[in-house]
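So this one's protein.cif, mmCIF, N, CA and C atoms:
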```
data_my_file
loop_
_atom_site.label_atom_id
_atom_site.label_comp_id
_atom_site.auth_asym_id
_atom_site.auth_seq_id
_atom_site.Cartn_x
_atom_site.Cartn_y
_atom_site.Cartn_z
N MET A 17 -21.61 8.66 -7.94
CA MET A 17 -20.29 8.39 -8.42
C MET A 17 -20.08 9.08 -9.76
N ALA A 18 -21.08 9.77 -10.24
CA ALA A 18 -20.98 10.25 -11.61
C ALA A 18 -20.03 11.42 -11.70
N ASP A 19 -20.11 12.34 -10.75
CA ASP A 19 -19.39 13.58 -11.03
C ASP A 19 -18.01 13.57 -10.39
N GLY A 20 -17.14 12.53 -10.67
CA GLY A 20 -15.78 12.54 -10.13
C GLY A 20 -15.17 13.88 -10.50
N ASN A 21 -14.11 14.28 -9.81
CA ASN A 21 -13.56 15.60 -10.12
C ASN A 21 -12.76 15.53 -11.42
N GLY A 22 -13.25 14.81 -12.40
CA GLY A 22 -12.57 14.77 -13.69
C GLY A 22 -11.77 13.51 -13.85
N SER A 23 -11.27 12.93 -12.76
CA SER A 23 -10.46 11.71 -12.94
C SER A 23 -11.38 10.51 -12.84
N LEU A 24 -11.00 9.46 -13.53
CA LEU A 24 -11.86 8.28 -13.57
C LEU A 24 -11.89 7.58 -12.21
N SER A 25 -10.78 7.71 -11.48
CA SER A 25 -10.79 7.00 -10.19
C SER A 25 -11.37 7.88 -9.10
N GLY A 26 -11.57 9.15 -9.43
CA GLY A 26 -12.14 10.03 -8.42
C GLY A 26 -11.09 10.64 -7.52
N TRP A 27 -9.86 10.27 -7.74
CA TRP A 27 -8.81 10.84 -6.90
C TRP A 27 -8.27 12.10 -7.56
N THR A 28 -7.77 13.01 -6.72
CA THR A 28 -7.19 14.25 -7.28
C THR A 28 -5.73 13.98 -7.64
N GLU A 29 -5.14 14.93 -8.37
CA GLU A 29 -3.74 14.73 -8.79
C GLU A 29 -2.84 14.68 -7.57
N GLY A 30 -3.12 15.54 -6.59
CA GLY A 30 -2.28 15.56 -5.39
C GLY A 30 -2.34 14.22 -4.67
N GLU A 31 -3.57 13.71 -4.51
CA GLU A 31 -3.73 12.42 -3.82
C GLU A 31 -3.02 11.31 -4.60
N ALA A 32 -3.15 11.37 -5.91
CA ALA A 32 -2.52 10.31 -6.73
C ALA A 32 -1.01 10.36 -6.59
N GLN A 33 -0.48 11.59 -6.58
CA GLN A 33 0.99 11.70 -6.49
C GLN A 33 1.46 11.21 -5.12
N GLU A 34 0.71 11.55 -4.07
CA GLU A 34 1.12 11.14 -2.73
C GLU A 34 1.05 9.63 -2.59
N PHE A 35 -0.07 9.07 -3.09
CA PHE A 35 -0.20 7.60 -3.02
C PHE A 35 0.94 6.94 -3.77
N HIS A 36 1.28 7.50 -4.93
CA HIS A 36 2.31 6.90 -5.76
C HIS A 36 3.65 6.89 -5.04
N LYS A 37 3.88 7.95 -4.26
CA LYS A 37 5.16 8.01 -3.52
C LYS A 37 5.26 6.82 -2.56
N TYR A 38 4.19 6.59 -1.81
CA TYR A 38 4.22 5.49 -0.83
C TYR A 38 4.17 4.14 -1.54
N PHE A 39 3.47 4.10 -2.65
CA PHE A 39 3.36 2.84 -3.39
C PHE A 39 4.73 2.42 -3.89
N MET A 40 5.49 3.39 -4.42
CA MET A 40 6.83 3.06 -4.94
C MET A 40 7.77 2.71 -3.80
N GLN A 41 7.59 3.41 -2.65
CA GLN A 41 8.46 3.11 -1.50
C GLN A 41 8.21 1.68 -1.02
N GLY A 42 6.94 1.32 -0.92
CA GLY A 42 6.60 -0.03 -0.48
C GLY A 42 7.12 -1.06 -1.46
N SER A 43 6.99 -0.77 -2.74
CA SER A 43 7.47 -1.71 -3.75
C SER A 43 8.97 -1.90 -3.63
N LEU A 44 9.69 -0.81 -3.31
CA LEU A 44 11.15 -0.91 -3.18
C LEU A 44 11.52 -1.79 -1.99
N TYR A 45 10.79 -1.62 -0.88
CA TYR A 45 11.06 -2.48 0.28
C TYR A 45 10.89 -3.94 -0.11
N PHE A 46 9.78 -4.21 -0.81
CA PHE A 46 9.49 -5.59 -1.21
C PHE A 46 10.61 -6.13 -2.09
N LEU A 47 11.06 -5.29 -3.04
CA LEU A 47 12.12 -5.72 -3.97
C LEU A 47 13.42 -6.02 -3.22
N VAL A 48 13.77 -5.14 -2.28
CA VAL A 48 15.03 -5.34 -1.55
C VAL A 48 14.96 -6.61 -0.72
N LEU A 49 13.82 -6.81 -0.04
CA LEU A 49 13.69 -8.03 0.78
C LEU A 49 13.78 -9.27 -0.10
N THR A 50 13.14 -9.20 -1.26
CA THR A 50 13.18 -10.36 -2.16
C THR A 50 14.59 -10.63 -2.63
N LEU A 51 15.35 -9.56 -2.95
CA LEU A 51 16.73 -9.75 -3.41
C LEU A 51 17.57 -10.39 -2.32
N ILE A 52 17.38 -9.90 -1.08
CA ILE A 52 18.16 -10.47 0.03
C ILE A 52 17.84 -11.95 0.17
N ALA A 53 16.56 -12.28 0.09
CA ALA A 53 16.18 -13.69 0.23
C ALA A 53 16.81 -14.54 -0.87
N HIS A 54 16.79 -14.03 -2.09
CA HIS A 54 17.35 -14.82 -3.19
C HIS A 54 18.86 -14.95 -3.07
N ILE A 55 19.51 -13.91 -2.57
CA ILE A 55 20.97 -13.99 -2.39
C ILE A 55 21.29 -15.07 -1.36
N LEU A 56 20.51 -15.09 -0.27
CA LEU A 56 20.76 -16.10 0.77
C LEU A 56 20.54 -17.50 0.22
N ILE A 57 19.49 -17.65 -0.59
CA ILE A 57 19.23 -18.98 -1.13
C ILE A 57 20.33 -19.36 -2.11
N TRP A 58 20.81 -18.40 -2.87
CA TRP A 58 21.87 -18.69 -3.83
C TRP A 58 23.13 -19.16 -3.08
N ILE A 59 23.41 -18.54 -1.97
CA ILE A 59 24.59 -18.94 -1.19
C ILE A 59 24.40 -20.37 -0.70
N TRP A 60 23.15 -20.71 -0.37
CA TRP A 60 22.87 -22.04 0.14
C TRP A 60 22.90 -23.07 -0.99
N ARG A 61 22.10 -22.83 -2.03
CA ARG A 61 22.08 -23.78 -3.15
C ARG A 61 21.86 -23.03 -4.46
N PRO A 62 22.95 -22.73 -5.19
CA PRO A 62 22.80 -22.03 -6.47
C PRO A 62 21.98 -22.82 -7.45
N TRP A 63 21.24 -22.10 -8.29
CA TRP A 63 20.37 -22.85 -9.19
C TRP A 63 20.90 -22.89 -10.61
N PHE A 64 22.13 -22.38 -10.81
CA PHE A 64 22.74 -22.57 -12.15
C PHE A 64 24.05 -23.30 -11.96
N MET B 8 3.79 8.53 -14.53
CA MET B 8 3.54 7.23 -13.96
C MET B 8 2.46 7.31 -12.87
N TRP B 9 2.49 8.35 -12.07
CA TRP B 9 1.51 8.48 -10.97
C TRP B 9 0.11 8.69 -11.50
N ARG B 10 0.03 9.06 -12.79
CA ARG B 10 -1.31 9.33 -13.35
C ARG B 10 -2.15 8.06 -13.42
N ILE B 11 -1.49 6.94 -13.28
CA ILE B 11 -2.23 5.68 -13.31
C ILE B 11 -3.30 5.69 -12.22
N TRP B 12 -3.04 6.41 -11.13
CA TRP B 12 -3.99 6.41 -10.02
C TRP B 12 -5.15 7.35 -10.30
N LEU B 13 -5.08 8.05 -11.41
CA LEU B 13 -6.25 8.84 -11.83
C LEU B 13 -7.18 7.96 -12.65
N LEU B 14 -6.63 6.80 -13.10
CA LEU B 14 -7.45 5.88 -13.89
C LEU B 14 -8.02 4.78 -13.02
N PHE B 15 -7.10 4.21 -12.20
CA PHE B 15 -7.54 3.07 -11.39
C PHE B 15 -7.62 3.49 -9.94
N ASP B 16 -8.68 3.11 -9.27
CA ASP B 16 -8.83 3.43 -7.85
C ASP B 16 -7.75 2.69 -7.06
N PRO B 17 -6.88 3.42 -6.39
CA PRO B 17 -5.77 2.79 -5.66
C PRO B 17 -6.18 1.71 -4.68
N ARG B 18 -7.33 1.87 -4.03
CA ARG B 18 -7.70 0.86 -3.02
C ARG B 18 -7.95 -0.48 -3.70
N ARG B 19 -8.75 -0.43 -4.77
CA ARG B 19 -9.04 -1.72 -5.43
C ARG B 19 -7.79 -2.25 -6.12
N ALA B 20 -6.98 -1.34 -6.65
CA ALA B 20 -5.76 -1.78 -7.32
C ALA B 20 -4.84 -2.47 -6.32
N LEU B 21 -4.75 -1.86 -5.11
CA LEU B 21 -3.87 -2.42 -4.08
C LEU B 21 -4.34 -3.82 -3.68
N VAL B 22 -5.66 -3.96 -3.48
CA VAL B 22 -6.19 -5.27 -3.09
C VAL B 22 -5.89 -6.28 -4.19
N GLY B 23 -6.07 -5.87 -5.43
CA GLY B 23 -5.80 -6.78 -6.56
C GLY B 23 -4.34 -7.17 -6.62
N ILE B 24 -3.46 -6.18 -6.48
CA ILE B 24 -2.02 -6.46 -6.59
C ILE B 24 -1.57 -7.38 -5.47
N LEU B 25 -2.03 -7.07 -4.24
CA LEU B 25 -1.58 -7.88 -3.10
C LEU B 25 -2.10 -9.31 -3.19
N THR B 26 -3.35 -9.45 -3.67
CA THR B 26 -3.89 -10.81 -3.81
C THR B 26 -3.11 -11.58 -4.86
N PHE B 27 -2.85 -10.94 -5.98
CA PHE B 27 -2.09 -11.58 -7.06
C PHE B 27 -0.70 -11.97 -6.57
N ALA B 28 -0.04 -11.03 -5.85
CA ALA B 28 1.32 -11.31 -5.38
C ALA B 28 1.31 -12.47 -4.40
N PHE B 29 0.30 -12.48 -3.51
CA PHE B 29 0.24 -13.56 -2.51
C PHE B 29 0.08 -14.90 -3.20
N LEU B 30 -0.80 -14.96 -4.18
CA LEU B 30 -1.03 -16.24 -4.87
C LEU B 30 0.23 -16.69 -5.60
N MET B 31 0.94 -15.73 -6.23
CA MET B 31 2.15 -16.09 -6.95
C MET B 31 3.20 -16.63 -6.00
N VAL B 32 3.34 -15.96 -4.84
CA VAL B 32 4.36 -16.40 -3.87
C VAL B 32 4.00 -17.79 -3.35
N LEU B 33 2.70 -17.98 -3.08
CA LEU B 33 2.24 -19.29 -2.59
C LEU B 33 2.58 -20.37 -3.62
N LEU B 34 2.23 -20.07 -4.88
CA LEU B 34 2.47 -21.03 -5.96
C LEU B 34 3.96 -21.36 -6.06
N ASN B 35 4.79 -20.32 -6.04
CA ASN B 35 6.22 -20.53 -6.23
C ASN B 35 6.84 -21.34 -5.10
N HIS B 36 6.35 -21.11 -3.88
CA HIS B 36 6.92 -21.89 -2.78
C HIS B 36 6.58 -23.36 -2.95
N PHE B 37 5.33 -23.64 -3.35
CA PHE B 37 4.95 -25.06 -3.51
C PHE B 37 5.65 -25.68 -4.71
N VAL B 38 5.87 -24.86 -5.76
CA VAL B 38 6.60 -25.39 -6.90
C VAL B 38 8.01 -25.78 -6.46
N GLN B 39 8.64 -24.90 -5.69
CA GLN B 39 10.00 -25.21 -5.25
C GLN B 39 10.01 -26.44 -4.33
N LEU B 40 8.98 -26.53 -3.53
CA LEU B 40 8.92 -27.68 -2.62
C LEU B 40 8.81 -28.98 -3.40
N SER B 41 8.29 -28.87 -4.63
CA SER B 41 8.08 -30.11 -5.41
C SER B 41 9.33 -30.48 -6.20
N THR B 42 10.39 -29.68 -6.10
CA THR B 42 11.59 -30.01 -6.88
C THR B 42 12.55 -30.85 -6.04
N ASP B 43 13.46 -31.53 -6.73
CA ASP B 43 14.45 -32.32 -5.99
C ASP B 43 15.42 -31.40 -5.25
N ARG B 44 15.83 -30.33 -5.96
CA ARG B 44 16.91 -29.52 -5.39
C ARG B 44 16.45 -28.75 -4.16
N TYR B 45 15.25 -28.21 -4.24
CA TYR B 45 14.85 -27.35 -3.12
C TYR B 45 13.71 -27.96 -2.32
N GLY B 46 13.32 -29.19 -2.70
CA GLY B 46 12.10 -29.71 -2.11
C GLY B 46 12.28 -30.29 -0.72
N SER B 47 13.50 -30.07 -0.15
CA SER B 47 13.72 -30.76 1.14
C SER B 47 14.02 -29.79 2.26
N TRP B 48 13.78 -28.49 2.01
CA TRP B 48 14.23 -27.55 3.05
C TRP B 48 13.41 -27.68 4.33
N LEU B 49 12.29 -28.39 4.29
CA LEU B 49 11.48 -28.53 5.51
C LEU B 49 11.87 -29.77 6.30
N ASN B 50 12.26 -30.82 5.58
CA ASN B 50 12.48 -32.04 6.34
C ASN B 50 13.96 -32.40 6.41
N GLU B 51 14.82 -31.41 6.11
CA GLU B 51 16.25 -31.75 6.17
C GLU B 51 16.96 -30.61 6.85
N PRO B 52 17.74 -30.85 7.89
CA PRO B 52 18.43 -29.76 8.59
C PRO B 52 19.35 -29.02 7.62
N LEU B 53 19.42 -27.69 7.73
CA LEU B 53 20.22 -26.90 6.79
C LEU B 53 21.68 -27.31 6.86
N ALA B 54 22.10 -27.76 8.02
CA ALA B 54 23.52 -28.06 8.18
C ALA B 54 23.92 -29.13 7.18
N ALA B 55 22.95 -29.93 6.71
CA ALA B 55 23.30 -31.02 5.79
C ALA B 55 23.49 -30.48 4.39
N ALA B 56 23.57 -29.17 4.19
CA ALA B 56 23.64 -28.60 2.83
C ALA B 56 24.94 -29.04 2.16
N SER B 57 25.96 -29.36 2.95
CA SER B 57 27.25 -29.73 2.33
C SER B 57 27.19 -31.14 1.78
N SER B 58 26.02 -31.80 1.82
CA SER B 58 25.97 -33.22 1.41
C SER B 58 26.06 -33.34 -0.09
N GLU B 59 25.70 -32.22 -0.88
CA GLU B 59 25.72 -32.48 -2.35
C GLU B 59 27.11 -32.36 -2.92
#
```
Before anything else, please render the file you have as structure tokens.
Amino acid sequence: MADGNGSLSGWTEGEAQEFHKYFMQGSLYFLVLTLIAHILIWIWRPWF
Amino acid sequence: MWRIWLLFDPRRALVGILTFAFLMVLLNHFVQLSTDRYGSWLNEPLAAASSE
């Protein structure tokens, strides 16, 4: 594990950028689903 | 921002993030279940929402 290609995680810049693309896409899906759920709950019983 | 994955191994980071998120969601659902306002969504038909 010693001689990573310079990065501490051992991943290359290309791999990191690609992973980041999917990571952000997945996070956006999660955020949208969460917003929809909260809107539905607000319609049912507002909390303010 | 993507350079973070040059520092942290994405696989372990992903496992950590997903575990943390799962625990938080679990906690929040039980917290809500323990409240008066939202604590009845399991044992009360939704149609009764107009009761308040």
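Coordinates place atom N of Ile11 (chain B) at a distance of 10.5 Å from atom N of Lys37 (chain A).
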Exercise. Using only C-alpha atoms, select each residue of chain A with any atom at most 8 Å away from an atom of chain B, and give the selection as number ranges by chain.
Key: A: 23-29, 32-33, 35-36, 60-61
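Relative to CA of Ile57 (chain A), atom C of Leu49 (chain B) is found at 15.0 Å.
You will find CA of Pro62 (chain A) at 24.3 Å from atom N of Tyr45 (chain A).
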Exercise. Apply DSSP to the structure's backbone, then extract all residues of chain A labelled helix (DSSP H, G or I) and return them as a PyMOL selection string.
Key: chain A and resi 29-60
N, CA, C and O atoms restored at region 41-58 of chain A, emitted as a compact mmCIF listing (two decimals), keeping the file's coordinate frame:
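Writing the result to out30.txt gives the following:
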```txt
# COMPACT_ATOMS: atom_id res chain seq x y z
N GLN A 41 7.59 3.41 -2.65
CA GLN A 41 8.46 3.11 -1.50
C GLN A 41 8.21 1.68 -1.02
O GLN A 41 9.14 0.92 -0.80
N GLY A 42 6.94 1.32 -0.92
CA GLY A 42 6.60 -0.03 -0.48
C GLY A 42 7.12 -1.06 -1.46
O GLY A 42 7.66 -2.10 -1.08
N SER A 43 6.99 -0.77 -2.74
CA SER A 43 7.47 -1.71 -3.75
C SER A 43 8.97 -1.90 -3.63
O SER A 43 9.48 -3.01 -3.77
N LEU A 44 9.69 -0.81 -3.31
CA LEU A 44 11.15 -0.91 -3.18
C LEU A 44 11.52 -1.79 -1.99
O LEU A 44 12.40 -2.63 -2.07
N TYR A 45 10.79 -1.62 -0.88
CA TYR A 45 11.06 -2.48 0.28
C TYR A 45 10.89 -3.94 -0.11
O TYR A 45 11.72 -4.79 0.18
N PHE A 46 9.78 -4.21 -0.81
CA PHE A 46 9.49 -5.59 -1.21
C PHE A 46 10.61 -6.13 -2.09
O PHE A 46 11.10 -7.24 -1.90
N LEU A 47 11.06 -5.29 -3.04
CA LEU A 47 12.12 -5.72 -3.97
C LEU A 47 13.42 -6.02 -3.22
O LEU A 47 14.05 -7.06 -3.43
N VAL A 48 13.77 -5.14 -2.28
CA VAL A 48 15.03 -5.34 -1.55
C VAL A 48 14.96 -6.61 -0.72
O VAL A 48 15.87 -7.44 -0.73
N LEU A 49 13.82 -6.81 -0.04
CA LEU A 49 13.69 -8.03 0.78
C LEU A 49 13.78 -9.27 -0.10
O LEU A 49 14.44 -10.25 0.23
N THR A 50 13.14 -9.20 -1.26
CA THR A 50 13.18 -10.36 -2.16
C THR A 50 14.59 -10.63 -2.63
O THR A 50 15.03 -11.79 -2.69
N LEU A 51 15.35 -9.56 -2.95
CA LEU A 51 16.73 -9.75 -3.41
C LEU A 51 17.57 -10.39 -2.32
O LEU A 51 18.34 -11.32 -2.57
N ILE A 52 17.38 -9.90 -1.08
CA ILE A 52 18.16 -10.47 0.03
C ILE A 52 17.84 -11.95 0.17
O ILE A 52 18.74 -12.80 0.27
N ALA A 53 16.56 -12.28 0.09
CA ALA A 53 16.18 -13.69 0.23
C ALA A 53 16.81 -14.54 -0.87
O ALA A 53 17.36 -15.62 -0.61
N HIS A 54 16.79 -14.03 -2.09
CA HIS A 54 17.35 -14.82 -3.19
C HIS A 54 18.86 -14.95 -3.07
O HIS A 54 19.43 -16.00 -3.39
N ILE A 55 19.51 -13.91 -2.57
CA ILE A 55 20.97 -13.99 -2.39
C ILE A 55 21.29 -15.07 -1.36
O ILE A 55 22.16 -15.92 -1.55
N LEU A 56 20.51 -15.09 -0.27
CA LEU A 56 20.76 -16.10 0.77
C LEU A 56 20.54 -17.50 0.22
O LEU A 56 21.32 -18.43 0.45
N ILE A 57 19.49 -17.65 -0.59
CA ILE A 57 19.23 -18.98 -1.13
C ILE A 57 20.33 -19.36 -2.11
O ILE A 57 20.77 -20.50 -2.17
N TRP A 58 20.81 -18.40 -2.87
CA TRP A 58 21.87 -18.69 -3.83
C TRP A 58 23.13 -19.16 -3.08
O TRP A 58 23.80 -20.10 -3.52
```
